[in-house]
file query-v1.cif (mmCIF, C-alpha atoms)
data_start
loop_
_atom_site.label_atom_id
_atom_site.label_comp_id
_atom_site.auth_asym_id
_atom_site.auth_seq_id
_atom_site.Cartn_x
_atom_site.Cartn_y
_atom_site.Cartn_z
CA MET A 50 130.45 75.74 131.95
CA ARG A 51 131.63 76.61 128.48
CA PRO A 52 131.13 74.25 125.50
CA SER A 53 134.17 72.60 123.97
CA VAL A 54 135.56 73.71 120.61
CA MET A 55 134.13 70.60 118.93
CA ARG A 56 130.72 71.29 120.42
CA TRP A 57 130.83 74.87 119.21
CA LYS A 58 131.56 73.68 115.65
CA THR A 59 128.43 71.54 115.88
CA LEU A 60 126.36 74.43 117.27
CA LEU A 61 127.44 76.74 114.47
CA ARG A 62 126.22 74.17 111.96
CA THR A 63 122.95 73.24 113.57
CA THR A 64 121.62 75.88 115.95
CA VAL A 65 122.39 79.35 114.66
CA LEU A 66 118.70 80.25 114.58
CA SER A 67 118.10 78.82 118.04
CA LEU A 68 120.78 81.08 119.50
CA LEU A 69 119.07 84.12 118.05
CA ALA A 70 115.63 82.95 119.01
CA ALA A 71 116.49 82.11 122.59
CA VAL A 72 117.88 85.60 123.11
CA ALA A 73 115.20 87.40 121.15
CA ALA A 74 112.37 85.62 122.88
CA ALA A 75 113.59 86.87 126.23
CA GLY A 76 113.85 90.48 125.19
CA VAL A 77 111.40 91.43 122.46
CA GLY A 78 108.96 93.00 124.87
CA GLY A 79 106.15 90.57 124.18
CA GLY A 80 106.46 90.40 120.39
CA PRO A 81 106.75 86.93 118.81
CA ALA A 82 110.17 85.55 117.92
CA LEU A 83 110.55 84.67 114.24
CA ALA A 84 112.46 81.94 112.43
CA ALA A 85 112.56 82.29 108.64
CA ASP A 86 114.41 80.55 105.82
CA GLY A 87 113.08 80.61 102.26
CA ASN A 88 109.46 79.47 102.26
CA VAL A 89 109.68 78.25 105.87
CA ALA A 90 108.77 80.79 108.55
CA TRP A 91 107.19 80.52 111.96
CA THR A 92 106.86 82.47 115.19
CA VAL A 93 106.52 81.58 118.85
CA ARG A 94 105.08 83.62 121.72
CA THR A 95 103.69 83.12 125.21
CA ALA A 96 99.99 82.42 125.57
CA SER A 97 97.79 85.01 127.27
CA ASN A 98 96.30 83.58 130.45
CA SER A 99 96.22 84.08 134.22
CA TYR A 100 100.02 84.43 134.25
CA GLY A 101 99.83 87.54 132.07
CA GLU A 102 99.50 88.88 128.55
CA ALA A 103 102.22 89.72 126.03
CA ARG A 104 104.90 88.23 128.26
CA SER A 105 108.40 88.26 126.84
CA SER A 106 109.26 84.97 128.58
CA TYR A 107 108.01 82.54 131.22
CA SER A 108 108.81 83.22 134.87
CA TYR A 109 107.51 81.28 137.88
CA ASN A 110 107.99 80.80 141.61
CA VAL A 111 107.20 77.21 142.55
CA ASN A 112 107.73 75.16 145.69
CA PRO A 113 109.33 71.70 145.49
CA GLY A 114 106.71 69.17 144.41
CA GLY A 115 104.55 71.88 142.77
CA THR A 116 103.30 72.07 139.20
CA VAL A 117 102.65 74.81 136.64
CA GLU A 118 100.47 74.66 133.53
CA ASP A 119 101.02 77.14 130.73
CA ALA A 120 101.14 77.26 126.93
CA MET A 121 103.12 78.50 123.94
CA VAL A 122 101.53 79.82 120.73
CA VAL A 123 103.13 78.81 117.43
CA ALA A 124 102.19 80.48 114.12
CA ASN A 125 103.00 79.26 110.61
CA ARG A 126 103.99 82.25 108.48
CA GLY A 127 104.91 80.17 105.43
CA PRO A 128 102.92 78.92 102.42
CA ALA A 129 103.04 75.21 103.28
CA PRO A 130 102.03 73.03 106.23
CA LEU A 131 104.70 72.92 108.92
CA THR A 132 105.57 70.09 111.28
CA LEU A 133 107.70 71.12 114.25
CA ALA A 134 109.22 69.10 117.06
CA VAL A 135 108.50 70.47 120.56
CA TYR A 136 110.74 69.87 123.58
CA ALA A 137 112.38 71.61 126.55
CA ALA A 138 116.06 72.07 127.43
CA ASP A 139 118.28 73.46 130.15
CA GLY A 140 119.98 76.81 129.59
CA PHE A 141 123.62 77.89 129.86
CA THR A 142 125.62 81.08 129.36
CA THR A 143 127.84 81.10 126.26
CA ASP A 144 131.34 82.59 126.00
CA ALA A 145 129.67 85.58 124.33
CA GLY A 146 127.61 86.18 127.49
CA GLN A 147 124.28 85.11 125.97
CA LEU A 148 121.79 82.48 127.03
CA ASP A 149 121.60 79.37 124.86
CA LEU A 150 119.75 76.08 125.27
CA LEU A 151 121.14 72.57 125.14
CA THR A 152 120.60 70.65 121.93
CA LYS A 153 118.18 67.74 122.03
CA ASP A 154 120.97 65.16 122.17
CA LYS A 155 122.32 66.69 125.42
CA LYS A 156 120.87 65.56 128.74
CA SER A 157 118.93 68.17 130.73
CA VAL A 158 118.59 67.83 134.51
CA ALA A 159 116.36 70.77 135.46
CA ILE A 160 113.98 72.78 133.24
CA GLY A 161 114.57 70.44 130.32
CA ALA A 162 113.64 67.44 132.48
CA TRP A 163 110.75 69.06 134.36
CA VAL A 164 108.86 70.60 131.41
CA GLU A 165 106.53 68.21 129.56
CA PRO A 166 104.75 69.48 126.41
CA ASN A 167 101.39 67.82 125.76
CA ALA A 168 102.80 66.57 122.45
CA GLY A 169 106.27 65.99 121.04
CA SER A 170 105.35 67.69 117.75
CA VAL A 171 102.79 70.04 116.26
CA VAL A 172 101.42 70.42 112.71
CA ILE A 173 100.35 73.91 111.67
CA GLN A 174 98.62 74.86 108.46
CA PRO A 175 99.73 77.95 106.46
CA GLY A 176 98.63 81.17 108.11
CA LYS A 177 97.31 79.34 111.18
CA THR A 178 98.35 79.18 114.82
CA ALA A 179 98.45 76.36 117.32
CA GLN A 180 98.57 76.49 121.10
CA VAL A 181 100.99 74.05 122.68
CA PRO A 182 100.18 73.43 126.38
CA PHE A 183 102.93 72.25 128.68
CA THR A 184 103.26 71.26 132.33
CA ILE A 185 106.17 71.94 134.66
CA ALA A 186 106.43 69.35 137.42
CA VAL A 187 109.03 70.36 139.99
CA PRO A 188 110.44 67.34 141.87
CA ALA A 189 109.99 67.26 145.63
CA ASN A 190 113.76 67.12 146.04
CA ALA A 191 114.49 69.97 143.62
CA THR A 192 117.32 72.27 144.67
CA PRO A 193 116.03 75.65 145.91
CA GLY A 194 117.00 78.65 143.83
CA ASP A 195 117.02 79.66 140.18
CA HIS A 196 116.78 77.29 137.22
CA VAL A 197 116.79 78.59 133.65
CA GLY A 198 115.97 76.86 130.39
CA GLY A 199 113.43 77.07 127.62
CA ILE A 200 110.75 75.38 125.55
CA LEU A 201 111.63 74.95 121.89
CA THR A 202 110.18 74.31 118.49
CA ALA A 203 112.55 72.71 115.99
CA LEU A 204 112.64 71.91 112.28
CA THR A 205 115.27 69.60 110.81
CA GLN A 206 116.05 70.09 107.12
CA THR A 207 118.69 68.63 104.81
CA ASP A 208 121.26 71.03 103.39
CA GLN A 209 121.99 69.47 99.99
CA ALA A 210 125.00 71.69 99.33
CA GLU A 211 126.68 70.77 102.61
CA GLY A 212 125.32 67.24 102.83
CA ILE A 213 124.21 67.68 106.45
CA ASN A 214 121.03 68.05 108.44
CA VAL A 215 120.43 71.55 109.76
CA ASP A 216 118.35 71.89 112.93
CA ARG A 217 116.56 75.25 113.12
CA ARG A 218 115.21 75.98 116.59
CA LEU A 219 113.05 78.73 118.01
CA GLY A 220 112.25 78.89 121.70
CA ILE A 221 111.14 80.92 124.69
CA ARG A 222 113.08 81.30 127.91
CA ILE A 223 111.75 79.77 131.15
CA THR A 224 113.00 81.11 134.50
CA LEU A 225 111.94 79.08 137.51
CA ARG A 226 112.71 79.91 141.15
CA VAL A 227 112.21 76.88 143.38
CA GLY A 228 111.05 77.71 146.89
CA GLY A 229 113.42 77.29 149.83
CA GLU A 230 116.35 79.23 151.24
CA LEU A 231 117.82 81.55 148.61
CA LYS A 232 121.60 81.85 148.95
CA PRO A 233 122.89 84.27 146.31
CA ALA A 234 126.69 84.45 146.29
CA LEU A 235 129.53 85.37 143.95
CA ALA A 236 133.22 84.62 144.53
CA ILE A 237 136.37 86.08 142.98
CA GLU A 238 138.89 83.39 142.09
CA ASP A 239 142.36 83.14 140.47
CA LEU A 240 143.18 86.83 140.81
CA HIS A 241 146.47 87.86 139.15
CA VAL A 242 148.23 91.13 138.33
CA ARG A 243 150.90 91.74 135.68
CA TYR A 244 152.84 95.00 135.32
CA ASP A 245 154.03 96.40 131.99
CA GLY A 246 156.53 99.18 132.62
CA SER A 247 157.41 102.34 130.73
CA THR A 248 160.65 103.25 128.91
CA ASN A 249 160.67 106.44 130.97
CA PRO A 250 162.77 105.58 134.06
CA ILE A 251 160.55 107.69 136.30
CA GLY A 252 157.28 107.25 134.33
CA LYS A 253 154.19 105.19 135.06
CA GLY A 254 153.12 102.03 133.24
CA ASP A 255 150.11 99.78 132.80
CA ALA A 256 148.94 96.79 134.77
CA THR A 257 146.64 93.95 133.73
CA VAL A 258 144.39 92.40 136.35
CA SER A 259 142.67 89.08 135.60
CA TYR A 260 140.28 86.97 137.66
CA THR A 261 137.28 84.66 137.48
CA ILE A 262 133.79 85.43 138.82
CA HIS A 263 132.15 82.26 140.13
CA ASN A 264 128.46 81.99 141.00
CA THR A 265 128.72 79.83 144.11
CA GLY A 266 125.13 80.38 145.25
CA ASN A 267 121.74 79.17 144.03
CA ALA A 268 120.44 82.36 142.39
CA ALA A 269 121.13 83.82 138.95
CA LEU A 270 123.34 86.89 139.43
CA SER A 271 125.06 89.65 137.54
CA GLY A 272 127.42 92.11 139.21
CA LYS A 273 129.05 95.52 139.30
CA GLN A 274 132.86 95.47 139.23
CA SER A 275 135.72 97.74 140.24
CA VAL A 276 139.50 97.21 140.17
CA SER A 277 142.40 99.19 141.63
CA VAL A 278 146.17 98.77 141.88
CA SER A 279 148.35 100.34 144.57
CA GLY A 280 151.83 100.27 146.02
CA PRO A 281 152.81 99.20 149.55
CA PHE A 282 150.41 100.34 152.30
CA GLY A 283 147.88 101.48 149.69
CA VAL A 284 149.93 104.40 148.35
CA LEU A 285 150.01 105.51 144.70
CA ARG A 286 146.62 103.90 144.00
CA ALA A 287 145.41 103.75 140.38
CA ARG A 288 141.86 102.76 139.49
CA ALA A 289 140.52 101.07 136.37
CA GLY A 290 137.91 102.80 134.25
CA ASP A 291 134.36 101.54 133.85
CA ILE A 292 134.20 97.75 133.64
CA ALA A 293 131.40 96.04 131.73
CA ALA A 294 129.08 94.02 133.94
CA PRO A 295 129.32 90.26 133.55
CA PRO A 296 126.29 88.49 132.06
CA GLN A 297 123.74 87.02 134.40
CA LEU A 298 125.46 83.87 135.61
CA LEU A 299 123.44 80.81 136.48
CA PRO A 300 124.30 78.88 139.66
CA GLY A 301 127.65 77.17 139.26
CA GLU A 302 128.75 79.15 136.21
CA THR A 303 131.96 81.18 135.89
CA TRP A 304 133.04 84.23 133.89
CA ASP A 305 136.63 85.26 133.11
CA VAL A 306 137.53 88.96 133.42
CA THR A 307 140.62 90.87 132.22
CA VAL A 308 140.94 94.54 133.19
CA PRO A 309 143.64 97.04 132.11
CA VAL A 310 144.71 99.64 134.68
CA HIS A 311 146.63 102.65 133.35
CA GLY A 312 148.96 105.08 135.14
CA VAL A 313 150.40 102.57 137.61
CA ALA A 314 153.56 103.70 139.41
CA PRO A 315 156.41 101.14 139.52
CA ALA A 316 156.20 100.84 143.30
CA VAL A 317 158.21 97.56 143.36
CA ARG A 318 155.46 95.57 145.11
CA LEU A 319 151.90 96.01 143.81
CA ALA A 320 148.57 95.06 145.36
CA ALA A 321 145.65 94.51 142.95
CA THR A 322 142.15 94.61 144.47
CA ALA A 323 139.00 93.47 142.66
CA THR A 324 135.55 94.17 144.07
CA VAL A 325 132.29 92.69 142.78
CA THR A 326 128.83 93.72 144.00
CA PRO A 327 126.31 90.94 143.17
CA LEU A 328 123.06 92.10 141.56
CA LEU A 329 119.95 90.00 142.18
CA THR A 330 116.95 90.41 139.87
CA ASP A 331 113.51 89.28 141.02
CA ALA A 332 110.53 88.15 138.96
CA SER A 333 109.25 91.73 138.62
CA GLY A 334 112.52 92.83 137.03
CA SER A 335 113.77 94.96 139.91
CA THR A 336 117.45 94.61 140.80
CA THR A 337 118.86 94.53 144.33
CA PRO A 338 122.59 95.00 145.08
CA LEU A 339 123.98 92.56 147.64
CA ARG A 340 127.03 92.72 149.90
CA SER A 341 130.22 93.20 147.89
CA VAL A 342 132.98 90.60 147.73
CA GLU A 343 136.65 91.54 147.45
CA ALA A 344 139.93 89.81 146.66
CA THR A 345 143.56 91.01 146.58
CA ALA A 346 146.66 89.66 144.85
CA HIS A 347 150.25 90.90 144.70
CA GLY A 348 152.83 91.26 141.96
CA TRP A 349 156.14 92.92 141.19
CA ALA A 350 156.46 96.30 139.49
CA LEU A 351 160.14 97.14 139.05
CA PRO A 352 161.16 100.27 137.07
CA TRP A 353 163.32 98.23 134.70
CA THR A 354 164.79 101.20 132.82
CA LEU A 355 165.90 102.79 136.07
CA VAL A 356 167.15 99.43 137.36
CA LEU A 357 169.15 98.93 134.14
CA ALA A 358 170.64 102.42 134.42
CA LEU A 359 171.55 101.73 138.04
CA VAL A 360 173.14 98.41 137.09
CA VAL A 361 175.19 100.13 134.37
CA LEU A 362 176.27 102.83 136.81
CA ILE A 363 177.26 100.27 139.45
CA ALA A 364 179.12 98.26 136.80
CA ALA A 365 180.98 101.41 135.72
CA VAL A 366 181.93 102.30 139.31
CA VAL A 367 183.07 98.76 140.04
CA GLY A 368 185.00 98.66 136.75
CA ALA A 369 186.74 101.94 137.52
CA TYR A 370 187.61 100.76 141.02
CA LEU A 371 189.03 97.48 139.71
CA TYR A 372 190.97 99.32 137.01
CA ARG A 373 192.52 101.71 139.53
CA ARG A 374 193.27 98.85 141.88
CA ARG A 375 194.98 96.92 139.11
CA ALA A 376 196.90 99.99 138.02
CA ARG A 377 198.15 100.50 141.60
CA THR A 378 199.11 96.85 141.77
CA VAL A 379 201.08 97.10 138.52
CA ARG A 380 202.83 100.30 139.66
CA LYS A 381 203.66 98.74 143.01
CA ALA A 382 205.01 95.63 141.29
CA ARG A 383 207.22 97.78 139.05
CA GLU A 384 208.46 99.84 142.01
CA ASP A 385 209.19 96.70 144.00
CA ALA A 386 211.12 95.28 141.06
CA ARG A 387 213.15 98.52 140.71
CA VAL A 388 213.99 98.55 144.43
CA ARG A 389 214.88 94.88 144.31
CA ASP A 390 217.21 95.47 141.38
CA ALA A 391 218.82 98.42 143.15
CA VAL A 392 219.40 96.39 146.32
CA GLU A 393 220.89 93.54 144.41
CA GLN A 394 223.18 95.95 142.55
CA ALA A 395 224.29 97.49 145.83
CA LEU A 396 225.01 94.11 147.40
CA ARG A 397 227.19 93.01 144.52
CA GLY A 398 229.36 96.14 144.92
CA PRO A 399 231.38 97.83 142.20
CA GLN A 400 232.43 95.47 139.42
CA PRO A 401 236.20 95.33 138.53
CA ARG A 402 237.16 96.86 135.26
CA THR A 403 238.84 94.73 132.68
CA SER A 404 241.66 95.97 130.43
#
call {"tool": "encode", "arguments": {"input": "query-v1.cif", "output": "structure tokens"}}
result
Amino acid sequence: MRPSVMRWKTLLRTTVLSLLAAVAAAGVGGGPALAADGNVAWTVRTASNSYGEARSSYSYNVNPGGTVEDAMVVANRGPAPLTLAVYAADGFTTDAGQLDLLTKDKKSVAIGAWVEPNAGSVVIQPGKTAQVPFTIAVPANATPGDHVGGILTALTQTDQAEGINVDRRLGIRITLRVGGELKPALAIEDLHVRYDGSTNPIGKGDATVSYTIHNTGNAALSGKQSVSVSGPFGVLRARAGDIAAPPQLLPGETWDVTVPVHGVAPAVRLAATATVTPLLTDASGSTTPLRSVEATAHGWALPWTLVLALVVLIAAVVGAYLYRRRARTVRKAREDARVRDAVEQALRGPQPRTS
């Protein structure tokens, strides 16, 4: 799901404005998104038509094989004529939890492939606007569920100082729900717990619980999370504080989570439980909680300071026992030698005196 490091270096060079625009266009409450650099400035917004006015983004429900016709309005806010490329692209969730759109050199298989602008570029005079119609043709074999992408305007300029071409992009999000059976589902995978003890032999420590949330269904989902850690049979349970909700994950995407849990008793064997309640948002913006999913993993939580003290005590007791045993053995050996000498002396009898 996540772009490689090399890809991110490319994105930072070429699509900084597109990142901002893709997010802004989905949440500006109907206001146009703006791209500006020196004398170049333009805005994009949704067209007002039967689908609504002052929409913040495009959202449709379409059956397989169906089509949608809509438009984007582009305005030139600069002092010179502006020629912009127009194209569509699939969306993905970044490591920062934001929606971004594939660059033009990346292959799109859903929104980016289904959306067809009426022209691949548009020329806009200073202070003027242009309406760019586009058609969405959903294939008859399209997978039911949610598909997210966007329609973009792009301007490529040469950065003389850096010696590279910089691609500035500004787009509007498109959310498309293809008709058919909707199967929203999240899974918790790779759950682990690690315990960090305390120097206090009878004190509590901290635990770290990590796991991955995987959207295994066909609907875009966020979720509400909770995590707890307990000892055997659920005793001495400690709960994590508030956990930030994951971003809205597209079908197939994953999100890594790490949660600290404080005040965990060193109960030798710990059980960490993570619970995620999927949240499904419909076209009207209302959110519905779905059935929660839960996963449990185990780990060790030994009170190491107490164990070390116990080991030292046992070592001292064993040492003292061995010392006393050795001392008794030495005394016995000496006594045996004295008795042996006395017996031998007695057996030899009195020795004759010599003159």
call {"tool": "residues_around", "arguments": {"input": "query-v1.cif", "residues": "Glu302 of chain A", "least_positions_apart": "3", "cutoff": "9 Å", "atoms": "only C-alpha atoms", "output": "ChimeraX atom specification"}}
result
/A:50-51,141-142,262-265,298-299
call {"tool": "residues_around", "arguments": {"input": "query-v1.cif", "residues": "Asp195 of chain A", "least_positions_apart": "2", "cutoff": "12 Å", "atoms": "all atoms listed in the file", "output": "ChimeraX atom specification"}}
result
/A:108-112,139-140,159-160,191-193,197-198,223-233,264,266-270,297-301,329-332
call {"tool": "closest_residue", "arguments": {"input": "query-v1.cif", "among": "A:Gln206, A:Ser271, A:Thr92, A:Thr322", "to": "Arg126 of chain A", "atoms": "only C-alpha atoms"}}
result
A:Thr92
call {"tool": "resolve_selection", "arguments": {"input": "query-v1.cif", "expression": "the PyMOL selection byres ((chain A and resi 313) around 12)", "output": "PyMOL selection string"}}
result
chain A and resi 242-247+251-258+277-280+284-289+309-312+314-321+349-352
call {"tool": "write_last_selection", "arguments": {"input": "query-v1.cif", "atoms": "C-alpha atoms", "output": "PDB file, in the coordinates of the input"}}
result
ATOM      1  CA  VAL A 242     148.230  91.130 138.330  1.00  0.00           C
ATOM      2  CA  ARG A 243     150.900  91.740 135.680  1.00  0.00           C
ATOM      3  CA  TYR A 244     152.840  95.000 135.320  1.00  0.00           C
ATOM      4  CA  ASP A 245     154.030  96.400 131.990  1.00  0.00           C
ATOM      5  CA  GLY A 246     156.530  99.180 132.620  1.00  0.00           C
ATOM      6  CA  SER A 247     157.410 102.340 130.730  1.00  0.00           C
ATOM      7  CA  ILE A 251     160.550 107.690 136.300  1.00  0.00           C
ATOM      8  CA  GLY A 252     157.280 107.250 134.330  1.00  0.00           C
ATOM      9  CA  LYS A 253     154.190 105.190 135.060  1.00  0.00           C
ATOM     10  CA  GLY A 254     153.120 102.030 133.240  1.00  0.00           C
ATOM     11  CA  ASP A 255     150.110  99.780 132.800  1.00  0.00           C
ATOM     12  CA  ALA A 256     148.940  96.790 134.770  1.00  0.00           C
ATOM     13  CA  THR A 257     146.640  93.950 133.730  1.00  0.00           C
ATOM     14  CA  VAL A 258     144.390  92.400 136.350  1.00  0.00           C
ATOM     15  CA  SER A 277     142.400  99.190 141.630  1.00  0.00           C
ATOM     16  CA  VAL A 278     146.170  98.770 141.880  1.00  0.00           C
ATOM     17  CA  SER A 279     148.350 100.340 144.570  1.00  0.00           C
ATOM     18  CA  GLY A 280     151.830 100.270 146.020  1.00  0.00           C
ATOM     19  CA  VAL A 284     149.930 104.400 148.350  1.00  0.00           C
ATOM     20  CA  LEU A 285     150.010 105.510 144.700  1.00  0.00           C
ATOM     21  CA  ARG A 286     146.620 103.900 144.000  1.00  0.00           C
ATOM     22  CA  ALA A 287     145.410 103.750 140.380  1.00  0.00           C
ATOM     23  CA  ARG A 288     141.860 102.760 139.490  1.00  0.00           C
ATOM     24  CA  ALA A 289     140.520 101.070 136.370  1.00  0.00           C
ATOM     25  CA  PRO A 309     143.640  97.040 132.110  1.00  0.00           C
ATOM     26  CA  VAL A 310     144.710  99.640 134.680  1.00  0.00           C
ATOM     27  CA  HIS A 311     146.630 102.650 133.350  1.00  0.00           C
ATOM     28  CA  GLY A 312     148.960 105.080 135.140  1.00  0.00           C
ATOM     29  CA  ALA A 314     153.560 103.700 139.410  1.00  0.00           C
ATOM     30  CA  PRO A 315     156.410 101.140 139.520  1.00  0.00           C
ATOM     31  CA  ALA A 316     156.200 100.840 143.300  1.00  0.00           C
ATOM     32  CA  VAL A 317     158.210  97.560 143.360  1.00  0.00           C
ATOM     33  CA  ARG A 318     155.460  95.570 145.110  1.00  0.00           C
ATOM     34  CA  LEU A 319     151.900  96.010 143.810  1.00  0.00           C
ATOM     35  CA  ALA A 320     148.570  95.060 145.360  1.00  0.00           C
ATOM     36  CA  ALA A 321     145.650  94.510 142.950  1.00  0.00           C
ATOM     37  CA  TRP A 349     156.140  92.920 141.190  1.00  0.00           C
ATOM     38  CA  ALA A 350     156.460  96.300 139.490  1.00  0.00           C
ATOM     39  CA  LEU A 351     160.140  97.140 139.050  1.00  0.00           C
ATOM     40  CA  PRO A 352     161.160 100.270 137.070  1.00  0.00           C
TER      41      PRO A 352
END
call {"tool": "axis_aligned_box", "arguments": {"input": "query-v1.cif", "around": "segment 260-278 of chain A", "padding_each_side": "6 Å", "output": "lines of an AutoDock Vina configuration file"}}
result
center_x = 133.3
center_y = 89.2
center_z = 141.4
size_x = 37.7
size_y = 32.0
size_z = 19.8
call {"tool": "atom_distance", "arguments": {"input": "query-v1.cif", "atom1": "atom CA of Thr261 of chain A", "atom2": "atom CA of Thr307 of chain A"}}
result
8.8 Å
call {"tool": "closest_residue", "arguments": {"input": "query-v1.cif", "among": "A:Lys156, A:Arg222, A:Ala186, A:Leu339", "to": "Ser106 of chain A", "atoms": "all atoms listed in the file"}}
result
A:Arg222
call {"tool": "closest_residue", "arguments": {"input": "query-v1.cif", "among": "A:Ala323, A:Leu240, A:Ala369, A:Val123", "to": "Trp91 of chain A", "atoms": "all atoms listed in the file"}}
result
A:Val123
call {"tool": "atom_distance", "arguments": {"input": "query-v1.cif", "atom1": "atom CA of Asp291 of chain A", "atom2": "atom CA of Thr324 of chain A"}}
result
12.7 Å
call {"tool": "atom_distance", "arguments": {"input": "query-v1.cif", "atom1": "atom CA of Thr207 of chain A", "atom2": "atom CA of Gln174 of chain A"}}
result
21.3 Å
call {"tool": "residues_around", "arguments": {"input": "query-v1.cif", "residues": "Ser97 of chain A", "least_positions_apart": "3", "cutoff": "10 Å", "atoms": "all atoms listed in the file", "output": "list in words"}}
result
Arg94, Tyr100, Gly101, Glu102, Ala103, Arg104, Asp119, Ala120, Met121 and Val122 of chain A
call {"tool": "closest_residue", "arguments": {"input": "query-v1.cif", "among": "A:Leu150, A:Ala90, A:Ile237, A:Val187", "to": "Ile173 of chain A", "atoms": "only C-alpha atoms"}}
result
A:Ala90
call {"tool": "closest_residue", "arguments": {"input": "query-v1.cif", "among": "A:Ala96, A:Gly272, A:Leu219, A:Thr116", "to": "Glu165 of chain A", "atoms": "all atoms listed in the file"}}
result
A:Thr116
call {"tool": "residues_near_point", "arguments": {"input": "query-v1.cif", "point": "(117.6, 69.3, 107.4)", "cutoff": "9 Å", "atoms": "all atoms listed in the file", "output": "PyMOL selection string"}}
result
chain A and resi 204-209+213-217
call {"tool": "resolve_selection", "arguments": {"input": "query-v1.cif", "expression": "the PyMOL selection byres ((chain A and resi 200) around 8)", "output": "PyMOL selection string"}}
result
chain A and resi 135-138+161+164+198-199+201-202+220-223
call {"tool": "resolve_selection", "arguments": {"input": "query-v1.cif", "expression": "the PyMOL selection byres ((chain A and resi 167) around 8)", "output": "ChimeraX atom specification"}}
result
/A:165-166,168-169,181-184
